[in-house]
>>> print(open('model-v5.cif').read())   # mmCIF, C-alpha atoms
data_target
#
loop_
_atom_site.label_atom_id
_atom_site.label_comp_id
_atom_site.auth_asym_id
_atom_site.auth_seq_id
_atom_site.Cartn_x
_atom_site.Cartn_y
_atom_site.Cartn_z
CA MET A 1 33.41 -13.09 20.11
CA ALA A 2 36.42 -10.94 20.86
CA SER A 3 35.73 -7.64 22.56
CA SER A 4 37.93 -5.61 20.24
CA SER A 5 37.50 -5.60 16.47
CA ALA A 6 39.33 -2.41 15.47
CA TRP A 7 42.05 -4.45 13.76
CA LYS A 8 39.48 -5.76 11.27
CA SER A 9 39.21 -2.39 9.55
CA GLY A 10 42.69 -2.86 8.12
CA LEU A 11 41.87 -6.26 6.68
CA SER A 12 40.37 -5.98 3.20
CA SER A 13 38.39 -8.61 1.31
CA VAL A 14 41.42 -9.09 -0.96
CA ASP A 15 43.61 -9.83 2.08
CA ARG A 16 41.08 -12.34 3.38
CA TYR A 17 40.75 -14.08 0.04
CA GLU A 18 44.52 -14.44 -0.29
CA ILE A 19 44.70 -15.93 3.21
CA ILE A 20 41.87 -18.35 2.41
CA SER A 21 43.68 -19.41 -0.77
CA LYS A 22 46.85 -20.15 1.22
CA ILE A 23 44.89 -22.18 3.77
CA SER A 24 43.19 -24.12 0.98
CA GLU A 25 46.52 -24.91 -0.70
CA SER A 26 47.88 -26.30 2.57
CA LEU A 27 44.98 -28.68 3.14
CA PRO A 28 45.29 -32.28 1.90
CA SER A 29 41.81 -32.00 0.43
CA ARG A 30 42.38 -28.46 -0.94
CA ASP A 31 38.78 -27.89 0.12
CA MET A 32 37.91 -24.21 -0.31
CA SER A 33 34.84 -24.55 1.93
CA GLU A 34 37.01 -25.87 4.75
CA ALA A 35 39.51 -23.05 4.24
CA ILE A 36 36.68 -20.52 4.36
CA ALA A 37 35.42 -22.00 7.63
CA ILE A 38 38.90 -21.88 9.19
CA GLU A 39 39.43 -18.26 8.17
CA GLN A 40 35.95 -17.20 9.29
CA ALA A 41 36.43 -18.76 12.72
CA ALA A 42 39.76 -16.95 13.06
CA TYR A 43 38.16 -13.69 11.97
CA ASP A 44 35.25 -14.02 14.40
CA ASN A 45 37.21 -15.14 17.44
CA SER A 46 40.49 -13.21 17.26
CA SER A 47 41.08 -10.06 19.28
CA SER A 48 44.10 -8.87 17.27
CA ARG A 49 45.68 -9.23 13.85
CA GLU A 50 48.47 -11.29 15.38
CA GLU A 51 45.98 -13.72 16.89
CA TYR A 52 44.12 -13.89 13.58
CA ASP A 53 47.33 -14.59 11.61
CA SER A 54 48.27 -17.32 14.06
CA ALA A 55 44.85 -18.95 13.82
CA CYS A 56 45.09 -18.91 10.02
CA GLN A 57 48.44 -20.69 9.94
CA PRO A 58 48.08 -23.81 7.77
CA LYS A 59 47.63 -26.98 9.79
CA ALA A 60 48.05 -30.28 8.01
CA THR A 61 45.66 -31.99 10.39
CA THR A 62 42.66 -29.83 9.55
CA SER A 63 41.43 -31.95 6.66
CA SER A 64 38.12 -32.98 8.22
CA PRO A 65 34.98 -31.32 6.85
CA PRO A 66 33.98 -28.10 8.59
CA PRO A 67 31.16 -28.35 11.11
CA SER A 68 27.77 -27.58 9.67
CA HIS A 69 27.32 -24.55 11.90
CA SER A 70 30.41 -22.78 10.56
CA PRO A 71 29.42 -19.48 8.95
CA THR A 72 30.12 -18.81 5.28
CA PHE A 73 32.65 -16.12 4.39
CA SER A 74 31.50 -13.12 2.40
CA PRO A 75 33.91 -10.25 1.66
CA ALA A 76 31.14 -7.72 2.19
CA LEU A 77 30.42 -8.89 5.75
CA THR A 78 32.32 -7.83 8.83
CA GLU A 79 30.37 -10.02 11.25
CA SER A 80 29.13 -13.58 11.00
CA SER A 81 25.54 -14.12 9.96
CA SER A 82 23.18 -17.06 10.00
CA GLY A 83 21.82 -15.89 6.65
CA ILE A 84 18.38 -16.11 5.09
CA ARG A 85 16.51 -18.51 2.85
CA ILE A 86 16.09 -17.64 -0.83
CA GLY A 87 13.96 -20.28 -2.49
CA SER A 88 15.74 -23.60 -1.96
CA TYR A 89 18.99 -21.88 -0.95
CA LEU A 90 19.46 -21.76 2.83
CA ASN A 91 21.65 -19.49 4.97
CA CYS A 92 22.41 -17.01 2.20
CA THR A 93 24.54 -14.08 3.32
CA PRO A 94 24.39 -10.55 1.86
CA ILE A 95 27.15 -9.28 -0.40
CA SER A 96 25.89 -6.00 -1.83
CA GLU A 97 22.80 -4.01 -2.67
CA GLY A 98 21.73 -1.59 -5.37
CA ILE A 99 18.76 0.49 -6.42
CA THR A 100 16.62 -2.44 -7.50
CA SER A 101 18.33 -5.55 -6.15
CA GLU A 102 20.23 -7.23 -3.34
CA VAL A 103 22.96 -9.81 -3.90
CA PHE A 104 23.57 -12.78 -1.60
CA ARG A 105 26.07 -15.61 -1.45
CA SER A 106 24.78 -19.16 -1.17
CA GLN A 107 25.71 -21.33 1.80
CA SER A 108 27.75 -23.58 -0.48
CA GLY A 109 29.82 -20.53 -1.40
CA ASP A 110 29.78 -21.13 -5.14
CA LYS A 111 26.73 -19.09 -6.20
CA ALA A 112 25.66 -15.46 -6.08
CA LEU A 113 21.93 -14.78 -5.93
CA LYS A 114 20.67 -11.45 -7.25
CA VAL A 115 17.26 -10.80 -5.71
CA ILE A 116 15.12 -8.16 -7.43
CA VAL A 117 13.52 -6.09 -4.67
CA ALA A 118 11.96 -3.30 -6.74
CA HIS A 119 8.22 -3.76 -7.21
CA GLN A 120 8.26 -2.16 -10.64
CA ASN A 121 10.82 -1.40 -13.32
CA LEU A 122 12.82 1.76 -12.72
CA GLU A 123 14.19 2.44 -16.19
CA PRO A 124 16.83 1.93 -17.31
CA HIS A 125 16.76 -0.92 -14.75
CA ASN A 126 14.76 -3.82 -16.16
CA PRO A 127 15.44 -7.33 -14.78
CA LEU A 128 13.44 -9.17 -17.44
CA ARG A 129 15.44 -7.46 -20.16
CA GLU A 130 18.60 -8.20 -18.20
CA ILE A 131 17.74 -11.90 -18.21
CA LYS A 132 17.10 -11.90 -21.96
CA ILE A 133 20.43 -10.19 -22.58
CA LEU A 134 22.35 -12.51 -20.26
CA GLN A 135 20.90 -15.55 -22.01
CA THR A 136 22.61 -14.43 -25.23
CA LEU A 137 26.06 -14.03 -23.66
CA ASN A 138 29.07 -16.22 -22.94
CA PRO A 139 32.22 -15.76 -20.82
CA PRO A 140 34.02 -13.49 -20.25
CA CYS A 141 30.56 -12.11 -19.54
CA ILE A 142 29.27 -13.55 -16.28
CA PRO A 143 27.10 -16.61 -17.07
CA LEU A 144 23.49 -16.71 -15.88
CA LEU A 145 22.97 -20.13 -14.28
CA GLU A 146 19.25 -20.03 -13.54
CA THR A 147 16.31 -17.81 -12.63
CA PHE A 148 13.44 -18.53 -10.26
CA ARG A 149 10.88 -16.97 -7.95
CA ASP A 150 11.63 -17.26 -4.25
CA GLN A 151 9.17 -17.89 -1.42
CA GLU A 152 8.16 -14.21 -1.55
CA GLN A 153 7.70 -14.38 -5.33
CA ARG A 154 10.71 -12.16 -5.90
CA LEU A 155 12.64 -12.71 -9.10
CA VAL A 156 16.09 -14.22 -8.46
CA LEU A 157 19.01 -14.45 -10.89
CA THR A 158 21.73 -16.99 -10.06
CA PHE A 159 25.37 -16.57 -11.08
CA PRO A 160 28.71 -18.19 -10.22
CA TYR A 161 30.12 -16.52 -7.13
CA MET A 162 33.30 -14.53 -7.65
CA PRO A 163 35.26 -13.54 -4.55
CA LEU A 164 36.69 -10.26 -5.85
CA THR A 165 36.05 -7.27 -8.06
CA LEU A 166 38.42 -4.86 -9.73
CA ALA A 167 37.13 -2.29 -7.24
CA ASP A 168 38.55 -4.42 -4.41
CA LEU A 169 42.00 -4.38 -6.01
CA LEU A 170 41.89 -0.64 -6.66
CA ASP A 171 40.72 0.07 -3.11
CA LYS A 172 43.52 -2.07 -1.71
CA GLY A 173 46.07 -0.36 -3.94
CA SER A 174 44.92 3.13 -2.99
CA SER A 175 45.41 2.38 0.71
CA SER A 176 48.62 0.36 0.49
CA SER A 177 52.25 1.44 0.54
CA ASN A 178 52.94 -1.16 -2.16
CA SER A 179 50.22 0.42 -4.22
CA ALA A 180 50.77 -0.28 -7.90
CA LEU A 181 48.94 -3.11 -9.61
CA GLU A 182 51.23 -5.44 -11.55
CA LYS A 183 51.41 -4.88 -15.32
CA ALA A 184 50.60 -8.52 -16.04
CA GLN A 185 47.66 -8.32 -13.65
CA ILE A 186 46.27 -5.21 -15.37
CA ARG A 187 46.82 -6.70 -18.82
CA SER A 188 45.04 -9.94 -17.93
CA ILE A 189 42.02 -8.27 -16.33
CA PHE A 190 41.54 -5.64 -19.02
CA THR A 191 42.03 -8.14 -21.85
CA ASP A 192 39.10 -10.13 -20.47
CA ALA A 193 37.05 -6.94 -20.08
CA LEU A 194 37.83 -5.90 -23.65
CA ASN A 195 36.90 -9.32 -24.99
CA ALA A 196 33.59 -9.12 -23.15
CA LEU A 197 32.87 -5.66 -24.56
CA GLN A 198 33.86 -6.75 -28.05
CA ALA A 199 31.38 -9.63 -27.82
CA ILE A 200 28.43 -7.55 -26.60
CA HIS A 201 29.13 -4.65 -28.95
CA LYS A 202 29.05 -7.03 -31.92
CA GLN A 203 25.46 -7.76 -30.89
CA GLY A 204 24.68 -4.06 -30.65
CA ILE A 205 24.44 -4.22 -26.85
CA ILE A 206 25.61 -1.22 -24.82
CA HIS A 207 26.47 -2.08 -21.22
CA ARG A 208 26.05 1.52 -19.95
CA ASP A 209 27.53 0.99 -16.49
CA ILE A 210 31.16 -0.04 -16.90
CA LYS A 211 32.89 0.46 -13.55
CA PRO A 212 35.40 -1.43 -11.38
CA SER A 213 32.74 -3.17 -9.29
CA ALA A 214 31.20 -4.61 -12.49
CA ILE A 215 34.44 -6.48 -13.26
CA LEU A 216 34.28 -9.69 -11.22
CA LEU A 217 37.44 -11.68 -10.56
CA SER A 218 37.99 -15.31 -9.67
CA SER A 219 41.43 -14.34 -8.28
CA PRO A 220 43.52 -11.15 -8.03
CA SER A 221 44.96 -11.86 -11.49
CA GLY A 222 41.73 -13.06 -13.08
CA PRO A 223 40.04 -14.46 -15.01
CA ALA A 224 37.75 -11.43 -15.12
CA TYR A 225 34.05 -11.43 -15.94
CA LEU A 226 31.84 -8.54 -17.00
CA SER A 227 28.69 -8.34 -14.88
CA ASP A 228 25.86 -5.99 -13.94
CA PHE A 229 23.75 -5.88 -17.10
CA GLY A 230 20.75 -4.41 -15.28
CA THR A 231 20.80 -1.16 -17.27
CA ALA A 232 22.17 -2.51 -20.56
CA TRP A 233 20.62 -1.41 -23.87
CA HIS A 234 19.77 -3.99 -26.53
CA PRO A 235 18.85 -3.09 -30.12
CA GLU A 236 15.86 -5.47 -30.07
CA PHE A 237 14.83 -5.81 -26.42
CA SER A 238 15.10 -2.06 -25.69
CA SER A 239 13.78 -0.62 -28.93
CA LEU A 240 10.23 0.07 -27.74
CA SER A 241 11.09 1.79 -24.46
CA GLU A 242 14.30 3.37 -25.75
CA PRO A 243 14.59 3.96 -29.49
CA PRO A 244 18.19 4.28 -30.71
CA THR A 245 17.90 8.06 -30.98
CA ALA A 246 16.06 8.56 -27.69
CA LYS A 247 18.02 6.57 -25.13
CA ILE A 248 17.89 7.33 -21.42
CA LEU A 249 20.62 9.71 -20.23
CA ASP A 250 20.63 8.62 -16.59
CA ILE A 251 23.28 5.95 -17.10
CA GLY A 252 26.77 5.22 -15.85
CA THR A 253 28.46 5.74 -12.53
CA GLY A 254 30.38 8.75 -11.29
CA PRO A 255 33.81 9.30 -12.86
CA TYR A 256 33.17 6.71 -15.60
CA ARG A 257 30.30 8.58 -17.29
CA ALA A 258 31.00 9.62 -20.87
CA PRO A 259 30.82 13.33 -21.79
CA GLU A 260 28.31 12.89 -24.62
CA VAL A 261 25.76 11.68 -22.07
CA LEU A 262 26.48 14.64 -19.80
CA PHE A 263 25.63 16.96 -22.70
CA GLY A 264 22.33 15.31 -23.54
CA ASN A 265 23.18 13.21 -26.60
CA LYS A 266 20.46 10.55 -26.61
CA SER A 267 21.90 8.91 -29.72
CA TYR A 268 25.00 7.74 -27.89
CA SER A 269 26.64 4.49 -28.92
CA ALA A 270 28.82 1.74 -27.48
CA ALA A 271 31.54 4.39 -27.32
CA VAL A 272 30.20 5.29 -23.85
CA ASP A 273 31.43 1.89 -22.66
CA MET A 274 34.85 2.50 -24.17
CA TRP A 275 35.21 5.88 -22.44
CA ALA A 276 34.34 4.20 -19.14
CA LEU A 277 36.84 1.41 -19.78
CA GLY A 278 39.53 3.96 -20.58
CA ALA A 279 38.81 5.92 -17.39
CA MET A 280 38.95 2.67 -15.45
CA LEU A 281 42.26 1.68 -17.07
CA ALA A 282 43.73 5.09 -16.25
CA GLU A 283 42.73 4.57 -12.63
CA ALA A 284 44.29 1.11 -12.53
CA VAL A 285 47.68 2.15 -13.95
CA ARG A 286 48.14 5.06 -11.58
CA SER A 287 50.25 4.54 -8.49
CA PRO A 288 48.43 4.60 -6.19
CA PRO A 289 45.23 3.90 -8.13
CA ALA A 290 43.01 6.98 -8.29
CA PRO A 291 40.07 8.00 -10.51
CA LEU A 292 41.03 10.03 -13.55
CA PHE A 293 38.14 12.44 -12.94
CA ASP A 294 36.55 13.81 -9.78
CA SER A 295 32.88 13.06 -9.26
CA ARG A 296 30.63 13.86 -6.34
CA PRO A 297 28.09 11.31 -5.10
CA VAL A 298 24.99 11.26 -7.29
CA HIS A 299 22.76 12.65 -4.52
CA GLU A 300 24.84 15.81 -4.12
CA ASP A 301 23.89 19.00 -5.93
CA GLY A 302 26.10 19.84 -8.87
CA ASN A 303 27.53 16.34 -9.26
CA GLN A 304 27.15 16.41 -13.06
CA LEU A 305 28.58 19.91 -13.43
CA GLY A 306 31.46 18.94 -11.18
CA LEU A 307 32.28 15.95 -13.37
CA ILE A 308 32.16 18.07 -16.53
CA LEU A 309 34.52 20.59 -14.95
CA SER A 310 36.91 17.82 -13.90
CA ILE A 311 36.94 16.34 -17.42
CA PHE A 312 37.65 19.76 -18.93
CA LYS A 313 40.41 20.49 -16.42
CA THR A 314 42.03 17.14 -17.12
CA LEU A 315 41.74 16.93 -20.92
CA GLY A 316 41.20 20.56 -21.85
CA THR A 317 37.95 22.24 -22.84
CA PRO A 318 36.68 20.84 -26.17
CA THR A 319 36.19 23.01 -29.23
CA PRO A 320 34.12 22.52 -32.39
CA GLU A 321 37.34 21.35 -34.02
CA THR A 322 38.26 18.78 -31.37
CA TRP A 323 34.70 17.55 -30.87
CA PRO A 324 32.72 18.25 -34.06
CA GLU A 325 29.96 15.77 -33.18
CA ALA A 326 29.02 17.88 -30.16
CA LYS A 327 27.74 20.68 -32.39
CA GLU A 328 24.58 18.58 -32.81
CA PHE A 329 24.05 17.89 -29.11
CA ARG A 330 21.06 19.27 -27.24
CA VAL A 331 23.51 21.11 -24.98
CA THR A 332 26.82 22.09 -26.54
CA PRO A 333 30.05 22.13 -24.53
CA PHE A 334 31.41 25.18 -26.33
CA GLU A 335 29.72 28.07 -24.53
CA LEU A 336 29.58 29.36 -20.98
CA TRP A 337 32.46 27.12 -19.90
CA THR A 338 35.83 28.09 -18.56
CA VAL A 339 38.44 27.36 -21.21
CA PHE A 340 41.16 25.02 -20.01
CA PRO A 341 44.11 24.29 -22.30
CA PRO A 342 44.57 20.77 -23.66
CA ARG A 343 47.08 18.59 -21.81
CA GLU A 344 49.31 15.83 -23.12
CA TRP A 345 48.82 12.32 -21.81
CA ASP A 346 52.38 12.03 -20.55
CA VAL A 347 51.51 14.94 -18.26
CA ILE A 348 48.16 13.47 -17.22
CA LEU A 349 49.62 10.00 -16.64
CA PRO A 350 53.32 10.38 -15.88
CA HIS A 351 55.45 7.37 -14.98
CA VAL A 352 52.97 5.00 -16.63
CA ASP A 353 53.75 2.22 -19.09
CA ALA A 354 53.64 3.76 -22.58
CA GLY A 355 51.42 1.01 -23.94
CA PHE A 356 48.82 1.50 -21.24
CA ARG A 357 48.98 5.28 -21.63
CA ASP A 358 48.46 4.99 -25.38
CA ALA A 359 45.43 2.75 -24.83
CA VAL A 360 43.92 5.28 -22.43
CA ALA A 361 44.55 8.09 -24.93
CA ARG A 362 42.70 6.18 -27.64
CA LEU A 363 39.71 5.61 -25.38
CA VAL A 364 39.38 8.78 -23.33
CA ARG A 365 38.84 11.34 -26.07
CA TYR A 366 35.95 13.55 -27.04
CA ASP A 367 35.54 12.92 -30.75
CA GLY A 368 34.17 10.07 -32.81
CA SER A 369 37.63 8.53 -33.22
CA ARG A 370 37.39 6.84 -29.82
CA ALA A 371 38.73 3.31 -30.24
CA SER A 372 36.39 0.33 -30.23
CA ALA A 373 36.97 -2.81 -28.19
CA GLU A 374 37.88 -4.67 -31.37
CA GLU A 375 40.48 -2.04 -32.31
CA VAL A 376 42.09 -2.08 -28.88
CA CYS A 377 42.15 -5.89 -28.86
CA ARG A 378 44.09 -5.91 -32.13
CA VAL A 379 46.97 -3.93 -30.65
#
>>> encode(input="model-v5.cif", output="structure tokens")
Amino acid sequence: MASSSAWKSGLSSVDRYEIISKISESLPSRDMSEAIAIEQAAYDNSSSREEYDSACQPKATTSSPPPSHSPTFSPALTESSSGIRIGSYLNCTPISEGITSEVFRSQSGDKALKVIVAHQNLEPHNPLREIKILQTLNPPCIPLLETFRDQEQRLVLTFPYMPLTLADLLDKGSSSSNSALEKAQIRSIFTDALNALQAIHKQGIIHRDIKPSAILLSSPSGPAYLSDFGTAWHPEFSSLSEPPTAKILDIGTGPYRAPEVLFGNKSYSAAVDMWALGAMLAEAVRSPPAPLFDSRPVHEDGNQLGLILSIFKTLGTPTPETWPEAKEFRVTPFELWTVFPPREWDVILPHVDAGFRDAVARLVRYDGSRASAEEVCRV
């Protein structure tokens, strides 16, 4: 192992995936596993970016299968790992972790294993409900391949492995001099996301945690798949624990949380997903990409009040005329708040494609006229 690894901090998962793709294309066999092994060896053994780039140069003679001891690449890892066993899957390497689960990549590289580590349901997280919901869905929602109990009797959900997320692209764009995402790239990814939302909303399902990391990508331009249904609401499967008029308010992530939830409206609808999608689209079309609203980490005091203030500063403070539905909320947004004037979208999102800006404007709005996925898809 090289003694210096500082250069690795400037190499994102998107960069690595693009390099792996180039290696794979140069191989006679076009074997992705072999390309992964070549890139991983270069990553582990190089002491500089120049040495890494040289080691990753396509070599026509590297068509033999990779040795069995070669580690598997995972974008979330910065060091090689021998991995762990999960049921019949050996040498699984960690990708990410959440409140109730940990996600691993299989040794073969083509599957993602979501291991439920919580010993009891932490609503709105409910893995059994998640499985039921996933079994009703089709692409562009991420397909559930199988479920099983591992050697520790932990519930495991198996999905196709996707090398990227929209969050990876946005992170790369925000730190790059060539920062803007391509229009065609944005259109492709968000069309898939809209189609997924249209499909689940027709079933009455509310995703409740739309965010860039929930949009999985098979390549930087897609196809895209909607994932992370762990907190989704279903009109049948959720009705006992969460009646339609008494849904849990602790949903969503940071700057993608809809304002009706922040003001205690437990009768919220699929419109919360559309607000989140609009906020995500606004972030993607900015150059460089940046969240539309400021949001502190959830563990910090005042994170919800800070998000409300950021929304009001950005869009203007709502009034009973601009948000009539809010008059019925448990907490109304019309009193004890600093009044900020409304702002036009060409001021909020300058130098942005007019079509994208119009889509954001139809989604990120207070009142009940927020566009549905079906309406946006028709445009």
>>> residues_near_point(input="model-v5.cif", point="(19.3, -11.4, -2.4)", cutoff="8 Å", atoms="all atoms listed in the file", output="list of chain:residue names")
A:Ile86, A:Cys92, A:Pro94, A:Ser101, A:Glu102, A:Val103, A:Phe104, A:Leu113, A:Lys114, A:Val115, A:Ile116, A:Val156
>>> resolve_selection(input="model-v5.cif", expression="the PyMOL selection byres ((chain A and resi 193-203) around 6)", output="ChimeraX atom specification")
/A:140-141,190-192,204-205,373-374
>>> write_last_selection(input="model-v5.cif", atoms="C-alpha atoms", output="mmCIF file, in the frame of the given file")
data_model
loop_
_atom_site.group_PDB
_atom_site.id
_atom_site.type_symbol
_atom_site.label_atom_id
_atom_site.label_comp_id
_atom_site.auth_asym_id
_atom_site.auth_seq_id
_atom_site.Cartn_x
_atom_site.Cartn_y
_atom_site.Cartn_z
ATOM 1 C CA PRO A 140 34.020 -13.490 -20.250
ATOM 2 C CA CYS A 141 30.560 -12.110 -19.540
ATOM 3 C CA PHE A 190 41.540 -5.640 -19.020
ATOM 4 C CA THR A 191 42.030 -8.140 -21.850
ATOM 5 C CA ASP A 192 39.100 -10.130 -20.470
ATOM 6 C CA GLY A 204 24.680 -4.060 -30.650
ATOM 7 C CA ILE A 205 24.440 -4.220 -26.850
ATOM 8 C CA ALA A 373 36.970 -2.810 -28.190
ATOM 9 C CA GLU A 374 37.880 -4.670 -31.370
#
>>> residues_around(input="model-v5.cif", residues="Ala359 in chain A", least_positions_apart="6", cutoff="12 Å", atoms="only C-alpha atoms", output="list in words")
Arg187, Phe190, Thr191, Leu194, Met274, Trp275, Leu277, Gly278, Ala279, Met280, Leu281, Ala282, Val285, Trp345, Leu349, Val352, Asp353, Arg365, Arg370, Ala371, Ser372, Ala373, Glu375, Val376, Cys377, Arg378 and Val379 of chain A
>>> atom_distance(input="model-v5.cif", atom1="CA of Ser310 in chain A", atom2="CA of Ala326 in chain A")
18.1 Å
>>> residues_around(input="model-v5.cif", residues="Ile206 in chain A", least_positions_apart="3", cutoff="9 Å", atoms="all atoms listed in the file", output="list of chain:residue names")
A:Leu197, A:Ile200, A:His201, A:Gln203, A:Asp209, A:Thr231, A:Ala232, A:Trp233, A:His234, A:Pro235, A:Ser269, A:Ala270, A:Ala271, A:Val272, A:Asp273
>>> closest_atom_pairs(input="model-v5.cif", of="range 69-162 of chain A", to="range 224-230 of chain A", cutoff="10 Å", atoms="all atoms listed in the file", output="JSON lines")
{"residue": "A:Thr100", "atom": "CA", "partner": "A:Gly230", "partner_atom": "CA", "distance": 9.0}
{"residue": "A:Ser101", "atom": "CA", "partner": "A:Gly230", "partner_atom": "CA", "distance": 9.5}
{"residue": "A:Glu123", "atom": "CA", "partner": "A:Gly230", "partner_atom": "CA", "distance": 9.5}
{"residue": "A:Pro124", "atom": "CA", "partner": "A:Gly230", "partner_atom": "CA", "distance": 7.7}
{"residue": "A:His125", "atom": "CA", "partner": "A:Gly230", "partner_atom": "CA", "distance": 5.3}
{"residue": "A:Asn126", "atom": "CA", "partner": "A:Gly230", "partner_atom": "CA", "distance": 6.1}
{"residue": "A:Pro127", "atom": "CA", "partner": "A:Gly230", "partner_atom": "CA", "distance": 6.1}
{"residue": "A:Leu128", "atom": "CA", "partner": "A:Gly230", "partner_atom": "CA", "distance": 9.0}
{"residue": "A:Arg129", "atom": "CA", "partner": "A:Gly230", "partner_atom": "CA", "distance": 7.8}
{"residue": "A:Glu130", "atom": "CA", "partner": "A:Gly230", "partner_atom": "CA", "distance": 5.2}
{"residue": "A:Ile131", "atom": "CA", "partner": "A:Phe229", "partner_atom": "CA", "distance": 8.6}
{"residue": "A:Ile133", "atom": "CA", "partner": "A:Phe229", "partner_atom": "CA", "distance": 7.7}
{"residue": "A:Leu134", "atom": "CA", "partner": "A:Phe229", "partner_atom": "CA", "distance": 7.5}
{"residue": "A:Asn138", "atom": "CA", "partner": "A:Tyr225", "partner_atom": "CA", "distance": 9.8}
{"residue": "A:Pro139", "atom": "CA", "partner": "A:Tyr225", "partner_atom": "CA", "distance": 6.8}
{"residue": "A:Pro140", "atom": "CA", "partner": "A:Tyr225", "partner_atom": "CA", "distance": 4.8}
{"residue": "A:Cys141", "atom": "CA", "partner": "A:Leu226", "partner_atom": "CA", "distance": 4.6}
{"residue": "A:Ile142", "atom": "CA", "partner": "A:Tyr225", "partner_atom": "CA", "distance": 5.2}
{"residue": "A:Pro143", "atom": "CA", "partner": "A:Ser227", "partner_atom": "CA", "distance": 8.7}
{"residue": "A:Leu144", "atom": "CA", "partner": "A:Ser227", "partner_atom": "CA", "distance": 9.9}
{"residue": "A:Phe159", "atom": "CA", "partner": "A:Ser227", "partner_atom": "CA", "distance": 9.7}
{"residue": "A:Met162", "atom": "CA", "partner": "A:Tyr225", "partner_atom": "CA", "distance": 8.9}
>>> write_last_selection(input="model-v5.cif", atoms="C-alpha atoms", output="CSV table (one decimal), in the frame of the given file")
chain,number,residue,atom,x,y,z
A,100,THR,CA,16.6,-2.4,-7.5
A,101,SER,CA,18.3,-5.6,-6.2
A,123,GLU,CA,14.2,2.4,-16.2
A,124,PRO,CA,16.8,1.9,-17.3
A,125,HIS,CA,16.8,-0.9,-14.8
A,126,ASN,CA,14.8,-3.8,-16.2
A,127,PRO,CA,15.4,-7.3,-14.8
A,128,LEU,CA,13.4,-9.2,-17.4
A,129,ARG,CA,15.4,-7.5,-20.2
A,130,GLU,CA,18.6,-8.2,-18.2
A,131,ILE,CA,17.7,-11.9,-18.2
A,133,ILE,CA,20.4,-10.2,-22.6
A,134,LEU,CA,22.4,-12.5,-20.3
A,138,ASN,CA,29.1,-16.2,-22.9
A,139,PRO,CA,32.2,-15.8,-20.8
A,140,PRO,CA,34.0,-13.5,-20.2
A,141,CYS,CA,30.6,-12.1,-19.5
A,142,ILE,CA,29.3,-13.6,-16.3
A,143,PRO,CA,27.1,-16.6,-17.1
A,144,LEU,CA,23.5,-16.7,-15.9
A,159,PHE,CA,25.4,-16.6,-11.1
A,162,MET,CA,33.3,-14.5,-7.6
>>> closest_residue(input="model-v5.cif", among="A:Ser219, A:Thr338, A:Thr245, A:Ser106", to="Asp168 in chain A", atoms="only C-alpha atoms")
A:Ser219
>>> closest_residue(input="model-v5.cif", among="A:Thr147, A:Ser88, A:Gln40, A:Ser188", to="Ala55 in chain A", atoms="all atoms listed in the file")
A:Gln40
>>> closest_residue(input="model-v5.cif", among="A:Leu307, A:Ile248, A:Ala184, A:Ala276", to="Ala214 in chain A", atoms="only C-alpha atoms")
A:Ala276
>>> atom_distance(input="model-v5.cif", atom1="CA of Ile19 in chain A", atom2="CA of Ser96 in chain A")
21.9 Å
>>> axis_aligned_box(input="model-v5.cif", around="range 94-113 of chain A", padding_each_side="4 Å", output="lines of an AutoDock Vina configuration file")
center_x = 23.2
center_y = -11.5
center_z = -2.8
size_x = 21.2
size_y = 32.1
size_z = 17.4
>>> resolve_selection(input="model-v5.cif", expression="the PyMOL selection byres ((chain A and resi 89) around 12)", output="list of chain:residue names")
A:Gly83, A:Ile84, A:Arg85, A:Ile86, A:Gly87, A:Ser88, A:Leu90, A:Asn91, A:Cys92, A:Thr93, A:Phe104, A:Arg105, A:Ser106, A:Gln107, A:Ser108, A:Gly109, A:Asp110, A:Lys111, A:Ala112, A:Leu113, A:Phe148, A:Arg149, A:Asp150, A:Gln151, A:Val156, A:Thr158
>>> closest_residue(input="model-v5.cif", among="A:Asp367, A:Glu236, A:Glu182, A:Glu242", to="Ser267 in chain A", atoms="all atoms listed in the file")
A:Glu242
>>> atom_distance(input="model-v5.cif", atom1="CA of Pro243 in chain A", atom2="CA of Gly264 in chain A")
15.0 Å
>>> residues_around(input="model-v5.cif", residues="Leu309 in chain A", least_positions_apart="3", cutoff="12 Å", atoms="all atoms listed in the file", output="ChimeraX atom specification")
/A:255,259,262,293-296,302-306,312-318,333,336-340
>>> residues_around(input="model-v5.cif", residues="Ile251 in chain A", least_positions_apart="2", cutoff="7 Å", atoms="all atoms listed in the file", output="list in words")
Arg208, Asp209, Leu249 and Thr253 of chain A
>>> residues_around(input="model-v5.cif", residues="Ala42 in chain A", least_positions_apart="4", cutoff="9 Å", atoms="all atoms listed in the file", output="VMD selection string")
chain A and resid 37 to 38 46 51 to 56
>>> closest_residue(input="model-v5.cif", among="A:Ala118, A:Ile186, A:Phe356, A:Ala258", to="Arg154 in chain A", atoms="all atoms listed in the file")
A:Ala118
